[in-house]
Amino acid sequence: MMMKKCDRIKGPTFPIPCALHDLESAPYNLLPYPENFDDDDEAARAESFDALVFQLEDGNRIISSATIVLFEPEDEDEEPWNDEERMQAIYTLVRKASSLAIQTKKRLIDILCEAVLSLHRILNDFATSLKKGEENAQQVVSEEFRAAFSFHVYMLYSMMFSTESEAKGSSDIREKGNKVENVQKNALRLICAEAMSSACIAMCEHKSHLWQRGVGDEAVIMLPCRIAYQMLESATGLKARKAVCGDIALKMLAITIDSFNNMLSQIVVALIDLLHAYEHMASLVAELCGMVNENPSNRLGIELIREIGRLKPSVESHAGGKASGIKNLAPFISELAKLRPRLVMNSASQILPHLDSEPYIIRSAVVAALGHILVYIGSSESSAQNNEDMHTTTNHDLSKSRNSLLKVLTKRILDVSSYTRTAVLKSWISIVKAGALPIDQLMSVTTIAADRLMDKTVMVRRYAMQLLTAILEHNPFLGSLDPKPYQDKLAEVYEKVQESMPTDIKDARETSRKDAEDDETLRKIDEAALAAAIADAESMEQSDELSDKDAEFRSYVKALKFTQSALDFINKFEYANEACQCMLLSKNTSDVTEALRFFVKARHFQLPCAVSGMKHALALMWSSEQSIQDEVLQAFVEIFLCFPGTDGKENLPHDQIAHNLLILVGHASISELASIEEALCKLVKSESIPANVFTILWSIAGKSKSDTRAASLMVLSMAASADRLIVDSASRLRLLLEVGLSDYVEDRNDWKVVRSAACALQRVSLASMDPISAKAVVLEHIIERLCIIIRGDWCVDEKRNDTLTWFSAAEQSIDALFVVSEEPEVECADIIRKMTGTTFGYSGEKKTLCHSLRLARFFFVLGHIALKLLVHTEYLSSSLLRANAKKSLKQQEIADDANERKKAEGVDVTMSNNEAIEAELGVAAEIEAENERRFADISEQEILGRGIIENFIPLLVRVIGNDGGNFKSDILQQTSTLALCKFMCISSSFCEKHLPLVFATLANAPSQDTTLRANIVVGLGDLAYRFPNEVEPYTPRLYACLRDSSTKVRRHTLMVLTHLILNDMVKVKGQVCEIAVCLRDDDARIRDMSRLLFYTLSKRSNNPIYNLLPDIISQLSQNSVKKEDFRNIMSFLLAFIKKERQNDMLIEKLCQRFPKCQSISQKSDLTFCIAQLKVNEKSVKHLIEKFGLYKDALFDDEVRKTFLSIVSKAKKFAKPELKESIVDWEAKLNNHSILGQENEAVSEKASRAKAKAAKRANKKNKKKTRSASQKSPPVIPEGNKENIIC
């Protein structure tokens, strides 16, 4: 192939071209291919490329052992080593690198790298020889060497640029592919990067030998930097960074910056562009700033911060400039502060203005940077304290900077963005963990964390809880934060301070106390004296010489301040406890998890809030999410069973575990006890609680006093729910009899212990028990004691509280009696007979008076026994059904076996078998139906109709009706009403007959007796669940209890209705409006429960809230509900309308109600509800069509504004054809509004005129009446007529 002959490059220099193909023009004049290049076919082309490579390899062998003399030819006609042929060959190979074979390409790279390394070696040797000679130390290399060096570096750059571009364009370097090929590519990258790094080091170390006066060629110097930028663009992760040799790229940039001051501005501009363009560059550029030389200053970091400070993100976001890169650039601020905090601190004035920037991400980055700076200041102050040579001035400056930055950080916690608030909390966490938080800031930061627990954002709440935990872990006080020792210490130290305070202060205090008239004045005098004493002690700190008395006084004051600070610190966590407990109720799992972990940590420091918080947390044992249950159990184990910090792996001593369980159960409510029992059952089943703990609890129960004994038995009964053997043995039952039912409790009337013992007895099993065994003998004694307790023989009638505590013990004792007795009905009959005798007198003995508490106990026992008899009957019925089913199954198995044998003998059993099955099924069904009828008859007729209980029903009714006003005792009324409700749960006919009496009692109950009304509401809920048809007519009267003045009654009513509605026992009708009003109740629990009800209803497939909303809106609007309450309620309910069809239909229904409204306020309410719904094209068209229905209300300014807000919403999504209709609609709204206001003004004027006319007419009528009365003769009474005539 004929090639154009190229001219030789004029001169020895090699200026760096703008692009590789520029080498084909002047002054280079290279050709795409050499003259003798053969490209007739692929084989010839490959051979030509190989020939060029061989030529270059020969040249490399020359330079590998050459010196600088090679580039200093003595004869001008002598060809230099880097002649035209070598340059042409390299250019051709590099230009066609993409079409080279892999092996040829690898050889080319090796040639270029080897040449660059050889040139670096020659330059090093040259510099070394000059240093030894000392004569020509500033001598510069020849132009030929400089040109060869520049040319080979540029060609290496071009090769690397081509390779990186090809890799970036074809596929990401992290993409999966041929592993061997990837390894080879990465190896070539490494070779090239090391060679380019060598060239960069050569230029930086020997710049005075490469260029005159060390002023280098910027184009050549920037080549390593330019390829470094491209390498860093692809370093998106650890693997990618290693693959593209990111560390070498950073090193090249760092040494270039340190060696060439004039290159800094170009590098800064390039780095800013990279920061804007790539997300991963923030950490890389920050690391680069850390690699740059700090002496005298980190110029790169300063310039980058100055450039970032000049940015105006809010302006750029509107201008469409670099706003997209702010997200990538902002993290650089925090990354740099993490690596070089002092640098950022000195340039803080450049970045602090960004705290007012609009993008939250740059505000968050600045806040994070402030956190790193404060951590640095804290560590510097610690070093200064340890280093006595540290200058006091420097320490003072750091302290001043710290105080300023702390103020900024405190202010930022109120940022509008949750991300920035989170960044603030993260900064506080890092400061606290680094020990850099000043003592005087401890209380304020704790308050900030406690307040943020109520933040609306989950992320902020999570980090606020982590901050509280970090503060707790790094608190400056002692290991235990139990307030009791601190309170005792405070009282002791306070007395010491009063005794040792200066005489003048003490005398002044005593003089003032003599003139004080009340306790408040005395308290103020003591506080003033204490403040004066503390001020006096603080002034003593400046004195070097103190007497022993003054030194002692100052030490007491310090102890007082420390102890008071500790108590204040503990109170901060008690204040946060309420918010932590609210987080336990959050729908977000993260909130629950963080709260539980906080309680674990609080327990490690003996904070009181840990136990109370864990009691609330145990309610989550009933959560439907298994992960939450597991987290609660883990927290339970770490708090009560294991050593702190062992993650539940190392148990506490067994006696300590027992003590912790007693603390947990003590003073727990009924709901908390149920949750504790659930947790203990799971832990006992998993054998997480050592068996020896229960042995210790039995020992404690036998030796301790009332509360501890009751708590021990309660824990044992809970554990026995999972493992009956804890209680169910002859020895344990005997111990239980002695501990819980013996003379000890009889002498003290300790009903708490009795109740706990009865709960434990309910875990006993009678299955397969020998009647003559020791267990049976013990149970006989237990039954005897239970009967005595149930009868209330130990109760003292004159002590009201004695009977009140007996009720719960008697209830559990009756439950236990039905468990441990084989014939509980016989025992119950005997109890009733004996109680009848003690209450009303035995046969032959008549009592005219009976104590109200005794009668109350009698009715309580009657009611609970009747209810337990019903439960016992149903249990026997189900047991019989199971036994019959088991018997039938066994008979069927026998018949099948017989049929198999007959089939084996060849007998046809098909017909006989079918007939036998049909006969068996018919008989079995008939027997089952007969058994069900008999048990139903027992429940309906026997318990109340033909038993001993029947005799007392008339008396019970008389007491409830307060016949003759003789039964006014509140306890008697409560127990008798409760007994009647239990009777009504047994029989439907009895229930229907006495429902009027129950509701009459509810209506006539005294206003102060909230317990009676609450009990009746709960009883009615049970009746509605058992006999819904009988209670259904009285449902409105049940809803009416939601308006009761008592919070307790309203809460019980809402709880009952919630259960009935969610279980479909009560139909959701218009009365649900009463529940909607509860959304604005004063009690938080009522509000939460009503929200939960509506939320649960909205999750149902038919969404009943949609059907209820029109009636709710109508009734709320008609009732006297405050405007604010109405709008809050409807905003909450209308948010559940998600479907577009329901949205449109609801708007249509609300529009139809405008003509029926009787006041403008009702129309305003309807308009508000329409505005809360989603506006779409269909709804807008409907509102325009129905304009006539609401145009009469437009004179009201609020109605008009609400409709105009709907118009503004519609304009945002309306299509062009709809926009015209919307504009016309808006004009009609404004016109009718003006017209309506004029008409309303005229109407008001006419009304006033009419009123004035009526007033004038009334005055005229009064005048006529007065004049007529004056003209008429006086009326003479009949008795005086004769006297007048005479």
# chains A, B, ... in the order shown; residues from 1 in each chain; ligands from 1
call {"tool": "select_by_dssp", "arguments": {"residues": "stretch 398-555 of chain A", "states": "helix (DSSP H, G or I)", "output": "JSON, numbers by chain"}}
result
{"A": [398, 399, 400, 401, 402, 403, 404, 405, 406, 407, 408, 409, 410, 411, 412, 413, 414, 418, 419, 420, 421, 422, 423, 424, 425, 426, 427, 428, 429, 430, 431, 432, 433, 439, 440, 441, 442, 443, 444, 445, 446, 447, 448, 449, 450, 451, 452, 458, 459, 460, 461, 462, 463, 464, 465, 466, 467, 468, 469, 470, 471, 472, 473, 483, 484, 485, 486, 487, 488, 489, 490, 491, 492, 493, 494, 495, 496, 497, 498, 499, 500, 503, 504, 505, 506, 507, 508, 509, 510, 511, 512, 513, 514, 515, 519, 520, 521, 522, 523, 524, 525, 526, 527, 528, 529, 530, 531, 532, 533, 534, 535, 536, 537, 538, 539, 540, 548, 549, 550, 551, 552, 553, 554, 555]}
call {"tool": "residues_around", "arguments": {"residues": "stretch 706-708 of chain A", "least_positions_apart": "3", "cutoff": "12 Å", "atoms": "only C-alpha atoms", "output": "PyMOL selection string"}}
result
chain A and resi 658-668+697-703+711-715+739-740+744-745+747-756
call {"tool": "closest_residue", "arguments": {"among": "A:Leu1038, A:Leu1183, A:Ala254, A:Val408", "to": "A:Glu1226", "atoms": "only C-alpha atoms"}}
result
A:Leu1183
call {"tool": "closest_residue", "arguments": {"among": "A:Val94, A:Val1068, A:Glu279, A:Ser99", "to": "A:Glu42", "atoms": "only C-alpha atoms"}}
result
A:Ser99
call {"tool": "residues_around", "arguments": {"residues": "A:Thr163", "least_positions_apart": "4", "cutoff": "10 Å", "atoms": "only C-alpha atoms", "output": "VMD selection string"}}
result
chain A and resid 97 to 98 157 to 159 167 to 169 185 188 to 189
call {"tool": "residues_around", "arguments": {"residues": "A:Ser334", "least_positions_apart": "5", "cutoff": "10 Å", "atoms": "only C-alpha atoms", "output": "MDAnalysis selection string"}}
result
chainID A and resid 282:283 286 339:341 344 362 364:373
call {"tool": "write_last_selection", "arguments": {"atoms": "N, CA, C and O atoms", "output": "PDB file, in the first residue's frame"}}
result
ATOM      1  N   ALA A 282     -17.212  12.176  46.942  1.00  0.00           N
ATOM      2  CA  ALA A 282     -17.071  12.958  48.180  1.00  0.00           C
ATOM      3  C   ALA A 282     -16.012  12.359  49.097  1.00  0.00           C
ATOM      4  O   ALA A 282     -15.101  13.059  49.572  1.00  0.00           O
ATOM      5  N   SER A 283     -16.100  11.056  49.321  1.00  0.00           N
ATOM      6  CA  SER A 283     -15.126  10.421  50.216  1.00  0.00           C
ATOM      7  C   SER A 283     -13.741  10.382  49.594  1.00  0.00           C
ATOM      8  O   SER A 283     -12.726  10.522  50.298  1.00  0.00           O
ATOM      9  N   ALA A 286     -12.210  13.904  49.838  1.00  0.00           N
ATOM     10  CA  ALA A 286     -11.851  14.160  51.237  1.00  0.00           C
ATOM     11  C   ALA A 286     -10.580  13.405  51.617  1.00  0.00           C
ATOM     12  O   ALA A 286      -9.702  13.937  52.319  1.00  0.00           O
ATOM     13  N   LEU A 339     -12.067  13.731  58.462  1.00  0.00           N
ATOM     14  CA  LEU A 339     -10.639  13.459  58.294  1.00  0.00           C
ATOM     15  C   LEU A 339      -9.763  14.624  58.755  1.00  0.00           C
ATOM     16  O   LEU A 339      -8.697  14.410  59.342  1.00  0.00           O
ATOM     17  N   ARG A 340     -10.194  15.851  58.491  1.00  0.00           N
ATOM     18  CA  ARG A 340      -9.410  17.041  58.842  1.00  0.00           C
ATOM     19  C   ARG A 340     -10.317  18.051  59.565  1.00  0.00           C
ATOM     20  O   ARG A 340     -10.688  19.088  59.011  1.00  0.00           O
ATOM     21  N   PRO A 341     -10.703  17.747  60.807  1.00  0.00           N
ATOM     22  CA  PRO A 341     -11.656  18.641  61.504  1.00  0.00           C
ATOM     23  C   PRO A 341     -11.107  20.039  61.751  1.00  0.00           C
ATOM     24  O   PRO A 341     -11.853  21.005  61.685  1.00  0.00           O
ATOM     25  N   VAL A 344     -11.541  22.264  58.655  1.00  0.00           N
ATOM     26  CA  VAL A 344     -12.919  22.733  58.466  1.00  0.00           C
ATOM     27  C   VAL A 344     -13.290  23.736  59.559  1.00  0.00           C
ATOM     28  O   VAL A 344     -14.016  24.704  59.303  1.00  0.00           O
ATOM     29  N   ILE A 362     -27.551  19.802  52.136  1.00  0.00           N
ATOM     30  CA  ILE A 362     -26.334  20.570  52.451  1.00  0.00           C
ATOM     31  C   ILE A 362     -26.386  21.049  53.898  1.00  0.00           C
ATOM     32  O   ILE A 362     -25.357  21.150  54.577  1.00  0.00           O
ATOM     33  N   SER A 364     -27.742  19.288  56.270  1.00  0.00           N
ATOM     34  CA  SER A 364     -27.402  18.079  57.026  1.00  0.00           C
ATOM     35  C   SER A 364     -25.901  17.830  57.002  1.00  0.00           C
ATOM     36  O   SER A 364     -25.311  17.408  58.015  1.00  0.00           O
ATOM     37  N   ALA A 365     -25.265  18.098  55.864  1.00  0.00           N
ATOM     38  CA  ALA A 365     -23.813  17.894  55.764  1.00  0.00           C
ATOM     39  C   ALA A 365     -23.061  18.858  56.672  1.00  0.00           C
ATOM     40  O   ALA A 365     -22.088  18.477  57.335  1.00  0.00           O
ATOM     41  N   VAL A 366     -23.510  20.109  56.722  1.00  0.00           N
ATOM     42  CA  VAL A 366     -22.845  21.087  57.598  1.00  0.00           C
ATOM     43  C   VAL A 366     -23.020  20.689  59.065  1.00  0.00           C
ATOM     44  O   VAL A 366     -22.074  20.778  59.864  1.00  0.00           O
ATOM     45  N   VAL A 367     -24.207  20.219  59.410  1.00  0.00           N
ATOM     46  CA  VAL A 367     -24.462  19.789  60.788  1.00  0.00           C
ATOM     47  C   VAL A 367     -23.552  18.612  61.149  1.00  0.00           C
ATOM     48  O   VAL A 367     -22.977  18.554  62.245  1.00  0.00           O
ATOM     49  N   ALA A 368     -23.425  17.643  60.231  1.00  0.00           N
ATOM     50  CA  ALA A 368     -22.530  16.509  60.482  1.00  0.00           C
ATOM     51  C   ALA A 368     -21.086  16.972  60.646  1.00  0.00           C
ATOM     52  O   ALA A 368     -20.341  16.456  61.495  1.00  0.00           O
ATOM     53  N   ALA A 369     -20.682  17.973  59.845  1.00  0.00           N
ATOM     54  CA  ALA A 369     -19.328  18.508  59.969  1.00  0.00           C
ATOM     55  C   ALA A 369     -19.119  19.157  61.335  1.00  0.00           C
ATOM     56  O   ALA A 369     -18.054  19.001  61.956  1.00  0.00           O
ATOM     57  N   LEU A 370     -20.129  19.864  61.826  1.00  0.00           N
ATOM     58  CA  LEU A 370     -20.021  20.474  63.153  1.00  0.00           C
ATOM     59  C   LEU A 370     -19.836  19.408  64.228  1.00  0.00           C
ATOM     60  O   LEU A 370     -19.090  19.604  65.192  1.00  0.00           O
ATOM     61  N   GLY A 371     -20.516  18.282  64.056  1.00  0.00           N
ATOM     62  CA  GLY A 371     -20.339  17.186  65.015  1.00  0.00           C
ATOM     63  C   GLY A 371     -18.915  16.679  65.045  1.00  0.00           C
ATOM     64  O   GLY A 371     -18.339  16.464  66.122  1.00  0.00           O
ATOM     65  N   HIS A 372     -18.309  16.492  63.878  1.00  0.00           N
ATOM     66  CA  HIS A 372     -16.915  16.035  63.824  1.00  0.00           C
ATOM     67  C   HIS A 372     -15.969  17.072  64.434  1.00  0.00           C
ATOM     68  O   HIS A 372     -14.993  16.705  65.115  1.00  0.00           O
ATOM     69  N   ILE A 373     -16.264  18.339  64.201  1.00  0.00           N
ATOM     70  CA  ILE A 373     -15.405  19.390  64.761  1.00  0.00           C
ATOM     71  C   ILE A 373     -15.483  19.380  66.287  1.00  0.00           C
ATOM     72  O   ILE A 373     -14.461  19.506  66.987  1.00  0.00           O
TER      73      ILE A 373
END
call {"tool": "closest_residue", "arguments": {"among": "A:Pro1216, A:Pro996, A:Gly945, A:Gly378", "to": "A:Phe983", "atoms": "only C-alpha atoms"}}
result
A:Gly945
call {"tool": "decode", "arguments": {"residues": "stretch 231-243 of chain A", "atoms": "all heavy atoms", "output": "PDB file, in the first residue's frame"}}
result
ATOM      1  N   MET A 231      -9.830   7.698  36.179  1.00  0.00           N
ATOM      2  CA  MET A 231      -9.758   6.496  37.009  1.00  0.00           C
ATOM      3  C   MET A 231     -10.693   6.622  38.216  1.00  0.00           C
ATOM      4  O   MET A 231     -11.393   5.671  38.593  1.00  0.00           O
ATOM      5  CB  MET A 231      -8.318   6.269  37.473  1.00  0.00           C
ATOM      6  CG  MET A 231      -7.359   5.917  36.343  1.00  0.00           C
ATOM      7  SD  MET A 231      -5.607   6.122  36.793  1.00  0.00           S
ATOM      8  CE  MET A 231      -5.422   4.856  38.032  1.00  0.00           C
ATOM      9  N   LEU A 232     -10.734   7.810  38.819  1.00  0.00           N
ATOM     10  CA  LEU A 232     -11.574   8.012  40.006  1.00  0.00           C
ATOM     11  C   LEU A 232     -13.063   8.009  39.657  1.00  0.00           C
ATOM     12  O   LEU A 232     -13.901   7.677  40.498  1.00  0.00           O
ATOM     13  CB  LEU A 232     -11.209   9.335  40.691  1.00  0.00           C
ATOM     14  CG  LEU A 232      -9.822   9.382  41.337  1.00  0.00           C
ATOM     15  CD1 LEU A 232      -9.550  10.771  41.894  1.00  0.00           C
ATOM     16  CD2 LEU A 232      -9.703   8.340  42.445  1.00  0.00           C
ATOM     17  N   GLU A 233     -13.400   8.365  38.436  1.00  0.00           N
ATOM     18  CA  GLU A 233     -14.809   8.329  38.025  1.00  0.00           C
ATOM     19  C   GLU A 233     -15.393   6.927  38.138  1.00  0.00           C
ATOM     20  O   GLU A 233     -16.575   6.760  38.416  1.00  0.00           O
ATOM     21  CB  GLU A 233     -14.948   8.827  36.583  1.00  0.00           C
ATOM     22  CG  GLU A 233     -14.751  10.319  36.420  1.00  0.00           C
ATOM     23  CD  GLU A 233     -14.849  10.732  34.973  1.00  0.00           C
ATOM     24  OE1 GLU A 233     -15.234   9.878  34.143  1.00  0.00           O
ATOM     25  OE2 GLU A 233     -14.549  11.901  34.657  1.00  0.00           O
ATOM     26  N   SER A 234     -14.547   5.923  37.908  1.00  0.00           N
ATOM     27  CA  SER A 234     -15.017   4.534  37.936  1.00  0.00           C
ATOM     28  C   SER A 234     -14.836   3.871  39.292  1.00  0.00           C
ATOM     29  O   SER A 234     -15.258   2.730  39.470  1.00  0.00           O
ATOM     30  CB  SER A 234     -14.273   3.710  36.877  1.00  0.00           C
ATOM     31  OG  SER A 234     -14.437   4.268  35.593  1.00  0.00           O
ATOM     32  N   ALA A 235     -14.236   4.570  40.255  1.00  0.00           N
ATOM     33  CA  ALA A 235     -13.970   3.956  41.565  1.00  0.00           C
ATOM     34  C   ALA A 235     -15.196   4.076  42.464  1.00  0.00           C
ATOM     35  O   ALA A 235     -15.198   4.754  43.493  1.00  0.00           O
ATOM     36  CB  ALA A 235     -12.761   4.619  42.214  1.00  0.00           C
ATOM     37  N   THR A 236     -16.272   3.391  42.098  1.00  0.00           N
ATOM     38  CA  THR A 236     -17.553   3.558  42.792  1.00  0.00           C
ATOM     39  C   THR A 236     -17.670   2.712  44.055  1.00  0.00           C
ATOM     40  O   THR A 236     -18.628   2.863  44.793  1.00  0.00           O
ATOM     41  CB  THR A 236     -18.701   3.192  41.843  1.00  0.00           C
ATOM     42  OG1 THR A 236     -18.459   1.878  41.306  1.00  0.00           O
ATOM     43  CG2 THR A 236     -18.792   4.179  40.705  1.00  0.00           C
ATOM     44  N   GLY A 237     -16.766   1.830  44.300  1.00  0.00           N
ATOM     45  CA  GLY A 237     -16.806   1.002  45.501  1.00  0.00           C
ATOM     46  C   GLY A 237     -15.433   0.451  45.801  1.00  0.00           C
ATOM     47  O   GLY A 237     -14.445   0.766  45.113  1.00  0.00           O
ATOM     48  N   LEU A 238     -15.356  -0.382  46.834  1.00  0.00           N
ATOM     49  CA  LEU A 238     -14.056  -0.915  47.225  1.00  0.00           C
ATOM     50  C   LEU A 238     -13.453  -1.773  46.117  1.00  0.00           C
ATOM     51  O   LEU A 238     -12.269  -1.644  45.779  1.00  0.00           O
ATOM     52  CB  LEU A 238     -14.201  -1.728  48.514  1.00  0.00           C
ATOM     53  CG  LEU A 238     -14.521  -0.911  49.771  1.00  0.00           C
ATOM     54  CD1 LEU A 238     -14.731  -1.842  50.956  1.00  0.00           C
ATOM     55  CD2 LEU A 238     -13.412   0.086  50.056  1.00  0.00           C
ATOM     56  N   LYS A 239     -14.260  -2.672  45.547  1.00  0.00           N
ATOM     57  CA  LYS A 239     -13.747  -3.532  44.485  1.00  0.00           C
ATOM     58  C   LYS A 239     -13.385  -2.725  43.250  1.00  0.00           C
ATOM     59  O   LYS A 239     -12.333  -2.940  42.633  1.00  0.00           O
ATOM     60  CB  LYS A 239     -14.782  -4.600  44.142  1.00  0.00           C
ATOM     61  CG  LYS A 239     -14.988  -5.644  45.217  1.00  0.00           C
ATOM     62  CD  LYS A 239     -15.965  -6.718  44.751  1.00  0.00           C
ATOM     63  CE  LYS A 239     -16.137  -7.805  45.815  1.00  0.00           C
ATOM     64  NZ  LYS A 239     -17.088  -8.845  45.393  1.00  0.00           N
ATOM     65  N   ALA A 240     -14.260  -1.784  42.882  1.00  0.00           N
ATOM     66  CA  ALA A 240     -13.986  -0.968  41.699  1.00  0.00           C
ATOM     67  C   ALA A 240     -12.776  -0.080  41.931  1.00  0.00           C
ATOM     68  O   ALA A 240     -11.959   0.136  41.023  1.00  0.00           O
ATOM     69  CB  ALA A 240     -15.211  -0.124  41.368  1.00  0.00           C
ATOM     70  N   ARG A 241     -12.636   0.419  43.137  1.00  0.00           N
ATOM     71  CA  ARG A 241     -11.477   1.272  43.438  1.00  0.00           C
ATOM     72  C   ARG A 241     -10.183   0.496  43.304  1.00  0.00           C
ATOM     73  O   ARG A 241      -9.189   1.009  42.775  1.00  0.00           O
ATOM     74  CB  ARG A 241     -11.636   1.844  44.846  1.00  0.00           C
ATOM     75  CG  ARG A 241     -10.457   2.684  45.302  1.00  0.00           C
ATOM     76  CD  ARG A 241     -10.744   3.326  46.633  1.00  0.00           C
ATOM     77  NE  ARG A 241      -9.579   4.028  47.147  1.00  0.00           N
ATOM     78  CZ  ARG A 241      -9.578   4.778  48.232  1.00  0.00           C
ATOM     79  NH1 ARG A 241     -10.700   4.939  48.912  1.00  0.00           N
ATOM     80  NH2 ARG A 241      -8.476   5.377  48.630  1.00  0.00           N
ATOM     81  N   LYS A 242     -10.198  -0.726  43.764  1.00  0.00           N
ATOM     82  CA  LYS A 242      -9.002  -1.555  43.632  1.00  0.00           C
ATOM     83  C   LYS A 242      -8.732  -1.897  42.176  1.00  0.00           C
ATOM     84  O   LYS A 242      -7.583  -1.914  41.725  1.00  0.00           O
ATOM     85  CB  LYS A 242      -9.172  -2.826  44.452  1.00  0.00           C
ATOM     86  CG  LYS A 242      -7.959  -3.725  44.452  1.00  0.00           C
ATOM     87  CD  LYS A 242      -8.178  -4.948  45.315  1.00  0.00           C
ATOM     88  CE  LYS A 242      -6.950  -5.864  45.305  1.00  0.00           C
ATOM     89  NZ  LYS A 242      -7.171  -7.074  46.126  1.00  0.00           N
ATOM     90  N   ALA A 243      -9.823  -2.142  41.419  1.00  0.00           N
ATOM     91  CA  ALA A 243      -9.662  -2.541  40.018  1.00  0.00           C
ATOM     92  C   ALA A 243      -9.085  -1.411  39.181  1.00  0.00           C
ATOM     93  O   ALA A 243      -8.239  -1.640  38.306  1.00  0.00           O
ATOM     94  CB  ALA A 243     -11.006  -2.994  39.442  1.00  0.00           C
TER      95      ALA A 243
END
